[in-house]
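Q: mmCIF, C-alpha atoms, file structure_1.cif:
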```cif
data_entry
loop_
_atom_site.label_atom_id
_atom_site.label_comp_id
_atom_site.auth_asym_id
_atom_site.auth_seq_id
_atom_site.Cartn_x
_atom_site.Cartn_y
_atom_site.Cartn_z
CA MET A 247 -27.89 47.08 69.42
CA LYS A 248 -28.52 49.72 66.78
CA LYS A 249 -24.81 50.46 66.56
CA PHE A 250 -24.07 46.76 66.05
CA MET A 251 -26.60 46.43 63.22
CA PHE A 252 -25.19 49.55 61.56
CA LEU A 253 -21.67 48.08 61.74
CA VAL A 254 -22.76 44.79 60.13
CA LEU A 255 -24.53 46.66 57.33
CA PHE A 256 -21.45 48.82 56.70
CA VAL A 257 -19.15 45.79 56.42
CA ALA A 258 -21.52 44.06 54.03
CA LEU A 259 -21.67 47.10 51.75
CA LEU A 260 -17.89 47.37 51.78
CA CYS A 261 -17.44 43.70 50.75
CA PHE A 262 -19.98 44.09 47.96
CA SER A 263 -18.13 47.14 46.63
CA CYS A 264 -14.81 45.27 46.64
CA MET A 265 -16.26 42.30 44.79
CA SER A 266 -17.76 44.61 42.19
CA ASN A 267 -14.40 46.25 41.60
CA LEU A 268 -12.76 42.84 41.21
CA GLY A 269 -15.27 41.92 38.57
CA ARG A 270 -14.70 45.18 36.66
CA GLY A 271 -10.92 45.36 36.61
CA PHE A 272 -8.82 43.78 39.34
CA LYS A 273 -7.23 40.39 38.45
CA ILE A 274 -5.80 37.78 40.74
CA LYS A 275 -2.30 36.86 39.47
CA THR A 276 -2.20 33.07 39.13
CA PRO A 277 -0.21 31.02 36.61
CA SER A 278 -2.11 30.59 33.33
CA LYS A 279 -2.23 27.01 32.12
CA GLY A 280 -2.17 27.93 28.45
CA ASN A 281 0.19 30.90 28.41
CA SER A 282 2.76 30.57 31.18
CA ILE A 283 5.80 28.29 31.43
CA SER A 284 5.53 28.88 35.18
CA TRP A 285 2.37 26.78 35.08
CA ASP A 286 4.22 23.86 33.45
CA TYR A 287 7.07 24.16 35.90
CA SER A 288 4.87 24.38 39.00
CA SER A 289 2.87 21.40 37.66
CA LYS A 290 6.12 19.41 37.31
CA ASN A 291 5.82 19.25 33.53
CA TYR A 292 9.52 19.93 33.34
CA SER A 293 10.06 18.77 29.77
CA SER A 294 7.26 21.00 28.51
CA ALA A 295 8.59 23.89 30.57
CA PHE A 296 12.08 23.41 29.09
CA TYR A 297 10.86 23.44 25.48
CA SER A 298 8.59 26.44 26.15
CA ALA A 299 11.57 28.29 27.61
CA VAL A 300 13.69 27.45 24.58
CA ALA A 301 11.01 28.78 22.23
CA ILE A 302 10.68 32.02 24.18
CA ILE A 303 14.46 32.58 24.39
CA LYS A 304 14.85 32.02 20.65
CA LYS A 305 12.05 34.46 19.90
CA ASN A 306 12.78 37.20 22.46
CA LYS A 307 16.18 38.86 22.77
CA SER A 308 15.09 40.82 25.84
CA GLY A 309 12.08 41.55 27.97
CA GLU A 310 10.03 40.07 30.79
CA LYS A 311 9.18 36.86 28.98
CA ARG A 312 12.83 36.12 28.28
CA GLU A 313 13.74 36.74 31.91
CA GLU A 314 11.03 34.34 33.05
CA ALA A 315 12.29 31.71 30.60
CA LEU A 316 15.88 32.15 31.75
CA SER A 317 14.80 31.66 35.36
CA ILE A 318 13.12 28.36 34.53
CA ILE A 319 15.15 26.65 31.79
CA GLU A 320 18.03 25.52 34.03
CA PRO A 321 15.98 23.96 36.86
CA ALA A 322 13.51 22.46 34.33
CA TYR A 323 16.41 20.75 32.56
CA SER A 324 17.89 19.40 35.80
CA LYS A 325 14.64 18.32 37.43
CA TYR A 326 13.36 16.45 34.36
CA LEU A 327 16.58 14.46 34.01
CA GLU A 328 16.92 13.85 37.76
CA GLU A 329 13.33 12.61 38.14
CA GLU A 330 13.58 10.29 35.14
CA GLU A 331 16.94 8.96 36.30
CA SER A 332 15.61 8.34 39.79
CA THR A 333 12.51 6.57 38.46
CA MET A 334 14.53 4.39 36.09
CA GLU A 335 16.99 3.43 38.83
CA TYR A 336 14.11 2.47 41.12
CA LEU A 337 12.36 0.37 38.45
CA ILE A 338 15.54 -1.44 37.45
CA LYS A 339 16.24 -2.25 41.07
CA THR A 340 12.75 -3.31 42.18
CA GLN A 341 10.87 -4.70 39.16
CA VAL A 342 10.15 -8.43 39.45
CA GLU A 343 8.23 -10.23 36.72
CA LYS A 344 6.83 -13.74 37.00
CA ASP A 345 4.21 -13.81 34.24
CA TYR A 346 6.10 -16.22 32.02
CA ASP A 347 3.00 -17.48 30.18
CA ARG A 348 1.95 -14.14 28.70
CA SER A 349 1.25 -14.31 24.97
CA ASN A 350 3.03 -11.04 24.16
CA MET A 351 6.53 -11.22 25.62
CA GLU A 352 7.39 -7.76 24.29
CA ASN A 353 4.65 -5.96 26.22
CA THR A 354 6.25 -6.34 29.66
CA PRO A 355 7.15 -3.87 32.44
CA THR A 356 10.89 -4.55 32.12
CA ASN A 357 10.82 -3.94 28.37
CA ASP A 358 8.80 -0.77 28.94
CA THR A 359 11.49 0.39 31.38
CA TYR A 360 14.20 -0.31 28.78
CA LYS A 361 12.29 1.66 26.14
CA ARG A 362 11.80 4.49 28.62
CA CYS A 363 15.57 4.62 29.23
CA ILE A 364 16.09 4.88 25.48
CA ARG A 365 13.60 7.76 25.33
CA LEU A 366 15.39 9.47 28.21
CA ARG A 367 18.65 9.44 26.26
CA GLU A 368 16.88 10.66 23.13
CA ASN A 369 15.27 13.52 25.06
CA TYR A 370 18.60 14.42 26.67
CA ASP A 371 20.27 14.48 23.25
CA ASP A 372 17.54 16.77 21.96
CA PHE A 373 17.90 19.03 25.03
CA GLN A 374 21.60 19.39 24.25
CA LYS A 375 20.82 20.09 20.60
CA GLN A 376 18.42 22.90 21.56
CA LEU A 377 20.92 24.39 23.98
CA LYS A 378 23.68 24.32 21.36
CA GLU A 379 21.45 26.26 18.96
CA ILE A 380 20.78 28.92 21.62
CA GLY A 381 24.35 29.29 22.82
CA ALA A 382 25.53 30.40 26.27
CA LEU A 383 22.79 31.73 28.56
CA TYR A 384 23.15 34.15 31.47
CA TYR A 385 20.78 35.00 34.28
CA GLU A 386 21.30 37.24 37.31
CA GLY A 387 24.97 37.73 36.55
CA ARG A 388 26.00 34.10 36.04
CA GLU A 389 26.17 31.62 33.19
CA LEU A 390 23.53 28.89 33.36
CA VAL A 391 24.89 25.36 33.70
CA PHE A 392 23.45 22.27 31.99
CA PRO A 393 25.46 19.21 33.11
CA LYS A 394 26.39 16.59 30.52
CA LYS A 395 25.03 13.07 31.02
CA ASP A 396 25.96 9.54 29.92
CA TYR A 397 23.10 7.06 30.00
CA SER A 398 24.89 4.10 28.45
CA ASP A 399 25.22 2.28 31.79
CA LEU A 400 21.58 2.91 32.72
CA ILE A 401 20.40 1.58 29.37
CA ALA A 402 22.69 -1.45 29.60
CA ARG A 403 21.29 -2.39 33.02
CA ALA A 404 17.70 -1.96 31.81
CA LYS A 405 18.53 -4.10 28.78
CA ASP A 406 19.97 -6.84 31.01
CA LYS A 407 16.85 -6.68 33.17
CA TYR A 408 14.59 -7.46 30.20
CA SER A 409 17.03 -10.09 28.93
CA ASP A 410 16.98 -11.72 32.38
CA PHE A 411 13.20 -11.89 32.17
CA LEU A 412 13.22 -13.50 28.71
CA PHE A 413 15.88 -15.99 29.73
CA THR A 414 14.03 -16.99 32.91
CA ALA A 415 10.73 -17.18 31.03
CA ALA A 416 12.20 -19.51 28.40
CA LYS A 417 13.71 -21.81 31.02
CA SER A 418 10.44 -21.88 32.97
CA HIS A 419 8.70 -23.63 30.08
CA THR A 420 11.10 -26.58 30.24
CA LYS A 421 11.76 -26.66 33.98
CA GLY A 422 11.07 -30.03 35.57
CA LEU A 423 10.42 -31.87 32.30
CA ALA A 424 11.71 -35.35 33.08
CA ASN A 425 10.81 -37.06 29.83
CA SER A 426 11.62 -34.66 27.04
CA PHE A 427 10.12 -37.05 24.48
CA SER A 428 6.61 -36.94 25.93
CA GLN A 429 4.07 -35.35 23.58
CA ASP A 430 2.66 -33.32 26.46
CA GLU A 431 6.03 -31.60 26.92
CA LYS A 432 6.82 -30.71 23.31
CA SER A 433 4.73 -27.53 23.41
CA GLY A 434 6.87 -26.30 26.34
CA TYR A 435 10.07 -26.73 24.34
CA ARG A 436 8.49 -25.00 21.34
CA ARG A 437 7.49 -22.03 23.46
CA ALA A 438 10.97 -21.91 25.01
CA PHE A 439 12.57 -21.96 21.55
CA ASP A 440 10.48 -19.00 20.39
CA ILE A 441 11.51 -16.98 23.46
CA TYR A 442 15.20 -17.84 22.99
CA VAL A 443 14.92 -16.58 19.41
CA MET A 444 13.32 -13.38 20.72
CA LEU A 445 16.14 -13.01 23.24
CA GLN A 446 18.80 -13.41 20.55
CA ASP A 447 17.05 -10.83 18.37
CA PHE A 448 16.96 -8.41 21.31
CA ASP A 449 20.52 -8.98 22.59
CA ASN A 450 22.64 -11.60 20.85
CA THR A 451 25.49 -11.10 23.36
CA TYR A 452 23.48 -12.09 26.44
CA LYS A 453 24.82 -15.43 27.76
CA LYS A 454 25.54 -16.19 24.14
CA ALA A 455 26.89 -19.75 24.33
CA GLU A 456 24.31 -20.90 26.89
CA VAL A 457 21.39 -19.41 24.98
CA ILE A 458 22.54 -21.08 21.75
CA ASN A 459 22.78 -24.49 23.44
CA LEU A 460 19.41 -24.16 25.17
CA LYS A 461 17.73 -22.93 21.98
CA ASP A 462 19.12 -25.86 19.96
CA GLU A 463 18.00 -28.30 22.66
CA ALA A 464 14.51 -26.78 22.73
CA PHE A 465 14.26 -27.03 18.94
CA ARG A 466 15.35 -30.65 18.94
CA LYS A 467 13.06 -31.71 21.78
CA GLY A 468 10.12 -29.73 20.44
CA GLN A 469 10.04 -31.74 17.21
CA SER A 470 7.42 -34.32 16.34
CA TYR A 471 9.25 -37.17 14.61
CA ILE A 472 7.15 -39.08 12.12
CA ALA A 473 7.36 -41.89 9.59
CA ILE A 474 5.32 -41.74 6.38
CA GLN A 475 4.65 -44.75 4.18
CA ILE A 476 2.70 -44.26 0.94
CA ASN A 477 1.16 -47.23 -0.88
CA ASN A 478 0.07 -46.44 -4.42
CA GLU A 479 -2.56 -48.83 -5.77
CA LEU A 480 -2.84 -47.02 -9.11
CA LYS A 481 -0.93 -49.26 -11.50
CA GLN A 482 -0.91 -46.75 -14.36
CA TYR A 483 0.50 -43.91 -12.25
CA LYS A 484 3.60 -45.29 -10.62
CA GLY A 485 5.98 -42.88 -8.93
CA ILE A 486 3.48 -40.36 -7.65
CA GLU A 487 4.18 -41.43 -4.05
CA GLN A 488 7.66 -39.92 -4.26
CA ASN A 489 6.21 -36.70 -5.70
CA ILE A 490 3.88 -36.51 -2.71
CA LEU A 491 6.72 -37.01 -0.22
CA ASN A 492 8.86 -34.41 -1.95
CA GLY A 493 6.00 -31.92 -1.97
CA LEU A 494 5.12 -32.11 1.73
CA LYS A 495 5.77 -28.86 3.64
CA LEU A 496 5.29 -29.73 7.29
CA GLY A 497 6.75 -26.64 8.97
CA LYS A 498 9.64 -26.35 11.40
CA TRP A 499 8.21 -28.58 14.15
CA ILE A 500 7.66 -31.82 12.24
CA THR A 501 10.56 -33.97 11.08
CA ILE A 502 10.27 -37.00 8.85
CA GLY A 503 12.76 -39.20 10.64
CA LYS A 504 13.70 -40.67 14.01
CA ASP A 505 14.44 -38.89 17.28
CA ASP A 506 17.63 -39.20 19.36
CA ARG A 507 16.48 -42.60 20.59
CA GLY A 508 15.87 -43.90 17.10
CA LYS A 509 12.08 -43.82 17.47
CA TYR A 510 9.08 -42.16 15.85
CA ASP A 511 6.31 -40.25 17.62
CA TYR A 512 3.80 -41.11 14.91
CA ASN A 513 3.51 -43.44 11.95
CA PHE A 514 1.38 -42.41 8.99
CA LEU A 515 0.26 -44.94 6.40
CA VAL A 516 -1.17 -43.38 3.24
CA VAL A 517 -2.98 -45.52 0.67
CA ILE A 518 -3.88 -44.00 -2.72
CA ASP A 519 -6.73 -46.12 -4.10
CA ASN A 520 -8.62 -44.07 -6.67
CA PHE A 521 -8.04 -41.63 -9.51
CA ASP A 522 -10.70 -40.69 -12.04
CA VAL A 523 -10.27 -38.26 -14.90
CA SER A 524 -12.95 -37.19 -17.37
CA LYS A 525 -12.47 -37.33 -21.12
CA GLY A 526 -12.94 -33.61 -21.30
CA ASP A 527 -15.61 -31.53 -22.93
CA VAL A 528 -15.28 -29.03 -25.77
CA GLN A 529 -18.31 -26.89 -26.55
CA ARG A 530 -18.40 -24.58 -29.53
CA THR A 531 -21.00 -21.84 -29.89
CA VAL A 532 -21.26 -19.85 -33.14
CA PHE A 533 -22.81 -16.40 -33.48
CA ASP A 534 -23.35 -14.48 -36.72
CA LYS A 535 -23.04 -10.85 -35.73
CA GLU A 536 -24.22 -7.84 -37.72
CA LYS A 537 -23.99 -4.15 -37.00
CA GLU A 538 -24.99 -1.15 -39.11
CA ILE A 539 -22.84 1.95 -38.93
CA VAL A 540 -23.10 5.40 -40.49
CA ILE A 541 -20.24 6.65 -42.64
CA GLN A 542 -19.79 10.30 -43.43
CA GLU A 543 -18.01 11.31 -46.66
CA ASN A 544 -16.96 14.68 -48.03
CA GLN A 545 -18.08 15.30 -51.61
CA THR A 546 -16.95 18.32 -53.64
CA GLY A 547 -19.69 20.08 -55.55
CA ASP A 548 -19.60 22.97 -58.06
CA ARG A 549 -19.70 25.60 -55.38
CA ARG A 550 -18.60 24.11 -51.98
CA PRO A 551 -17.81 20.76 -50.23
CA VAL A 552 -20.83 18.72 -49.11
CA VAL A 553 -20.86 16.11 -46.27
CA MET A 554 -22.88 13.03 -47.22
CA SER A 555 -23.90 10.21 -44.82
CA ARG A 556 -24.67 6.64 -45.78
CA GLY A 557 -25.22 3.38 -43.93
CA ARG A 558 -22.95 0.34 -44.01
CA LEU A 559 -23.61 -3.17 -42.69
CA LEU A 560 -20.75 -4.91 -40.88
CA LYS A 561 -20.71 -8.71 -40.56
CA SER A 562 -18.64 -11.16 -38.54
CA ARG A 563 -18.84 -14.77 -37.38
CA LEU A 564 -17.88 -15.34 -33.73
CA GLU A 565 -17.07 -18.80 -32.38
CA ILE A 566 -16.72 -19.30 -28.61
CA ILE A 567 -14.88 -22.42 -27.43
CA ASP A 568 -15.48 -23.62 -23.85
CA LEU A 569 -13.12 -26.27 -22.46
CA PHE A 570 -13.74 -28.34 -19.33
CA LYS A 571 -11.97 -31.31 -17.79
CA GLU A 572 -11.92 -32.61 -14.23
CA ALA A 573 -10.13 -35.20 -12.12
CA PHE A 574 -10.63 -36.75 -8.72
CA MET A 575 -8.08 -38.41 -6.43
CA ARG A 576 -8.77 -40.26 -3.19
CA GLY A 577 -6.82 -42.03 -0.51
CA THR A 578 -6.81 -42.89 3.17
CA VAL A 579 -4.37 -41.92 5.90
CA LYS A 580 -3.95 -43.96 9.07
CA LYS A 581 -2.16 -42.44 12.05
CA THR A 582 -0.61 -44.52 14.83
CA ASP A 583 0.41 -42.75 18.04
CA ASN A 584 3.44 -44.68 19.27
CA TYR A 585 2.97 -43.43 22.84
CA THR A 586 -0.71 -44.18 23.35
CA LYS A 587 -0.85 -46.93 20.69
CA LYS A 588 -4.10 -45.40 19.44
CA THR A 589 -4.90 -45.32 15.74
CA LYS A 590 -7.02 -43.01 13.66
CA ALA A 591 -8.04 -43.19 9.98
CA ASP A 592 -9.24 -40.42 7.68
CA ILE A 593 -10.10 -40.06 4.01
CA ILE A 594 -8.07 -37.64 1.91
CA GLU A 595 -9.68 -36.34 -1.29
CA ALA A 596 -8.57 -33.90 -3.93
CA SER A 597 -10.36 -32.65 -7.02
CA ALA A 598 -8.95 -30.69 -9.91
CA ALA A 599 -10.86 -28.90 -12.65
CA PHE A 600 -9.71 -27.20 -15.84
CA GLN A 601 -12.12 -24.61 -17.19
CA TYR A 602 -11.15 -22.24 -19.99
CA SER A 603 -12.89 -20.19 -22.68
CA TYR A 604 -11.62 -18.32 -25.69
CA ALA A 605 -13.01 -17.12 -29.02
CA ILE A 606 -12.13 -16.75 -32.70
CA GLN A 607 -13.83 -14.59 -35.32
CA ASN A 608 -13.97 -14.15 -39.06
CA GLY A 609 -15.07 -10.89 -40.60
CA ASP A 610 -15.15 -7.29 -39.39
CA ILE A 611 -14.31 -7.20 -35.66
CA ARG A 612 -16.33 -4.00 -35.28
CA ALA A 613 -19.49 -6.10 -35.53
CA ILE A 614 -18.58 -7.98 -32.31
CA ASP A 615 -20.32 -6.92 -29.09
CA PRO A 616 -17.86 -5.36 -26.58
CA GLU A 617 -18.43 -8.05 -23.93
CA TYR A 618 -16.97 -10.72 -26.23
CA LEU A 619 -13.77 -8.83 -27.09
CA PRO A 620 -11.76 -10.12 -24.03
CA LEU A 621 -12.35 -13.71 -25.26
CA LEU A 622 -10.75 -12.82 -28.58
CA GLU A 623 -7.61 -11.68 -26.77
CA LYS A 624 -7.15 -15.05 -25.03
CA ALA A 625 -4.85 -17.68 -26.51
CA SER A 626 -6.14 -20.88 -28.07
CA LEU A 627 -5.41 -23.85 -25.78
CA PRO A 628 -6.02 -27.59 -26.00
CA LEU A 629 -7.50 -29.73 -23.25
CA PRO A 630 -4.89 -30.85 -20.69
CA THR A 631 -3.72 -34.45 -20.88
CA ASP A 632 -4.60 -37.06 -18.26
CA GLY A 633 -1.04 -36.82 -16.97
CA GLU A 634 -1.35 -33.06 -16.50
CA MET A 635 -4.62 -33.53 -14.63
CA MET A 636 -2.95 -36.17 -12.47
CA SER A 637 -0.12 -33.72 -11.64
CA THR A 638 -2.61 -31.07 -10.53
CA SER A 639 -4.53 -33.62 -8.47
CA VAL A 640 -1.32 -34.82 -6.78
CA THR A 641 -0.48 -31.24 -5.80
CA LYS A 642 -3.89 -30.72 -4.20
CA PHE A 643 -3.79 -34.17 -2.57
CA THR A 644 -0.36 -33.34 -1.10
CA GLU A 645 -1.66 -30.06 0.34
CA ASN A 646 -4.62 -31.83 1.98
CA LEU A 647 -2.36 -34.56 3.33
CA GLU A 648 0.11 -32.12 4.89
CA SER A 649 -2.76 -30.24 6.56
CA LYS A 650 -3.94 -33.51 8.09
CA ILE A 651 -0.45 -34.49 9.28
CA ILE A 652 0.18 -31.06 10.82
CA SER A 653 -3.18 -31.19 12.57
CA GLU A 654 -2.48 -34.62 14.04
CA ALA A 655 1.24 -34.37 14.81
CA PHE A 656 1.54 -30.74 15.87
CA ASN A 657 -1.70 -29.00 16.74
CA ASN A 658 -2.92 -31.88 18.90
CA ASN A 659 0.16 -31.81 21.15
#
```
What would the structure in this file look like if it were written as structure tokens?

A:
Amino acid sequence: MKKFMFLVLFVALLCFSCMSNLGRGFKIKTPSKGNSISWDYSSKNYSSAFYSAVAIIKKNKSGEKREEALSIIEPAYSKYLEEEESTMEYLIKTQVEKDYDRSNMENTPTNDTYKRCIRLRENYDDFQKQLKEIGALYYEGRELVFPKKDYSDLIARAKDKYSDFLFTAAKSHTKGLANSFSQDEKSGYRRAFDIYVMLQDFDNTYKKAEVINLKDEAFRKGQSYIAIQINNELKQYKGIEQNILNGLKLGKWITIGKDDRGKYDYNFLVVIDNFDVSKGDVQRTVFDKEKEIVIQENQTGDRRPVVMSRGRLLKSRLEIIDLFKEAFMRGTVKKTDNYTKKTKADIIEASAAFQYSYAIQNGDIRAIDPEYLPLLEKASLPLPTDGEMMSTSVTKFTENLESKIISEAFNNN
């Protein structure tokens, strides 16, 4: 028993001594994450391992580090390209997308795969550039080999994969629409049109003729076709109804005219019944401004020049002219939905105001307070005429009317 206890104690002391020696000087040789390309390679960070090897080879013409880099650069090159190629081939073959209602059609797995194929070619090109700068490399008596690659076919297939998705997504928004003139279906055609445009921007050779025909059909069937009639009850301002029609900017999805069947989706009746314009107001405010300044003068005496100071009073009359004139225009707009036969009426109003100030002065401008100087730089203007106020009011009325029409004929679909 005593011999056994002695043996256990001896082994314990021996282990303690070994551990102490390890702590004082012995190191376990494992790859260092920060300093060794072997770490990158063993961790399958092949691209990082390749670039680290390139940097070491460029810097070191001989030595242990160069030998380590030469042993790794060739397999790192091959393994990175092989793994990326294999992954891209798998994704192109197996990816299936059915989320055709996503808001961002660019942020999709198939488009990510296409972009990744582009990056693969870019990385390969840069690999070749680095290798060309280094020149021929030899390790263990043989020249290292870095096979040339052509990724044009891989990229083309990834591009077709994303194009297939866009094409299918666009068609899904119009699939099964029996009555293309229904207001409930117009939003589907509008969405399809936007995706066809995206597809053409991405690859204008993909099913070119078919995409053009489908895009044109989607644009035509996505339109809201409207009729606008404007009745002007203002006897003294005839002709403004045509100015309003000419000024309407209704966007790409609203057409003033009939559809393929010769019908309108909506009828809008606009009645202009009131226009008021003020006579205008001109207010004049006069200020008499004074400011005392000190003037220094050199006077020559019998012996030497003398500087003398004396006060001087500056005077000026400042007149500020404030102009103001306003106008108000009102009308009503009645919408008739030709599908539901429902009507809706709203009031359209527009106000215009002219407000302007300038100033004139007589006397020494140095007497004017600095805050009034910008008014002196402004041009003298008269009050606008009633016709000019009417023109401004018509512009604002037109803007309010087009917002109402867009809201009713487009946003409500």

Q: For the structure provided, state which residues fall under the PyMOL selection byres ((chain A and resi 376-384) around 10), and present them as a list of chain:residue names.

A: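 Residues picked by the PyMOL selection byres ((chain A and resi 376-384) around 10): A:Phe296, A:Tyr297, A:Val300, A:Ala301, A:Ile303, A:Lys304, A:Glu313, A:Leu316, A:Ser317, A:Ile319, A:Glu320, A:Tyr370, A:Asp371, A:Asp372, A:Phe373, A:Gln374, A:Lys375, A:Tyr385, A:Glu386, A:Gly387, A:Arg388, A:Glu389, A:Leu390, A:Val391, A:Phe392.
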
Q: CA of Met351 (chain A) to CA of Tyr397 (chain A): how many Å, to one decimal?

A: 25.1 Å

Q: Exactly which residues make up the result of the PyMOL selection byres ((chain A and resi 493) around 10) on this file, given as a PyMOL selection string?

A: chain A and resi 487-492+494-496+640-641+644-645+648

Q: Out of A:Ser649, A:Asn520, A:Thr586, A:Gln341, which residue has the shortest atom-to-atom distance to Asn478 (chain A) when counting only C-alpha atoms?

A: A:Asn520

Q: Go ahead and compute the interatomic distance for CA of Pro355 (chain A) and CA of Glu456 (chain A), in Å to one decimal.

A: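 Pair CA of Pro355 (chain A) / CA of Glu456 (chain A) returns 24.8 Å.
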
Q: From the set A:Lys642, A:Lys339, A:Lys561, A:Lys580, which residue has the shortest atom-to-atom contact distance to Ala596 (chain A), counting only C-alpha atoms?

A: A:Lys642

Q: Contacts of Gln601 (chain A) at 9 Å or less, counting all atoms listed in the file, minus same-chain residues fewer than 5 places along, as a ChimeraX atom specification?

A: /A:568-572

Q: Please write as a list in words the full residue list that the PyMOL selection byres ((chain A and resi 474) around 9) yields on this file.

A: Ile472, Ala473, Gln475, Ile476, Leu491, Ile502, Gly503, Tyr512, Asn513, Phe514, Leu515 and Val516 of chain A

Q: Quick one, how far is CA of Asp583 (chain A) from CA of Ser639 (chain A)?

A: 28.5 Å

Q: If you count all atoms listed in the file, which residues fall within 6 Å of Gly577 (chain A), apart from same-chain ones fewer than 3 positions away, as a list in words?

A: Val517, Ile518, Asp519, Ile593 and Ile594 of chain A

Q: Find, counting only C-alpha atoms, the residue in A:Asn584, A:Lys484, A:Ile611, A:Asp505 that gets nearest to Asp534 (chain A).

A: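 Closest to Asp534 (chain A) of all the choices is A:Ile611.
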
Q: Mind running region 450-507 of chain A against region 400-424 of chain A at 10 Å and telling me each contacting residue's nearest atom pair with the distance in Å (one decimal), counting only C-alpha atoms, chain and number ascending, as a Markdown table?

A:
```
| residue | atom | partner | partner_atom | distance |
| --- | --- | --- | --- | --- |
| A:Asn450 | CA | A:Ser409 | CA | 10.0 |
| A:Tyr452 | CA | A:Ser409 | CA | 7.2 |
| A:Lys453 | CA | A:Phe413 | CA | 9.2 |
| A:Val457 | CA | A:Phe413 | CA | 8.0 |
| A:Leu460 | CA | A:Lys417 | CA | 8.5 |
| A:Lys461 | CA | A:Ala416 | CA | 9.1 |
| A:Ala464 | CA | A:Thr420 | CA | 8.3 |
```
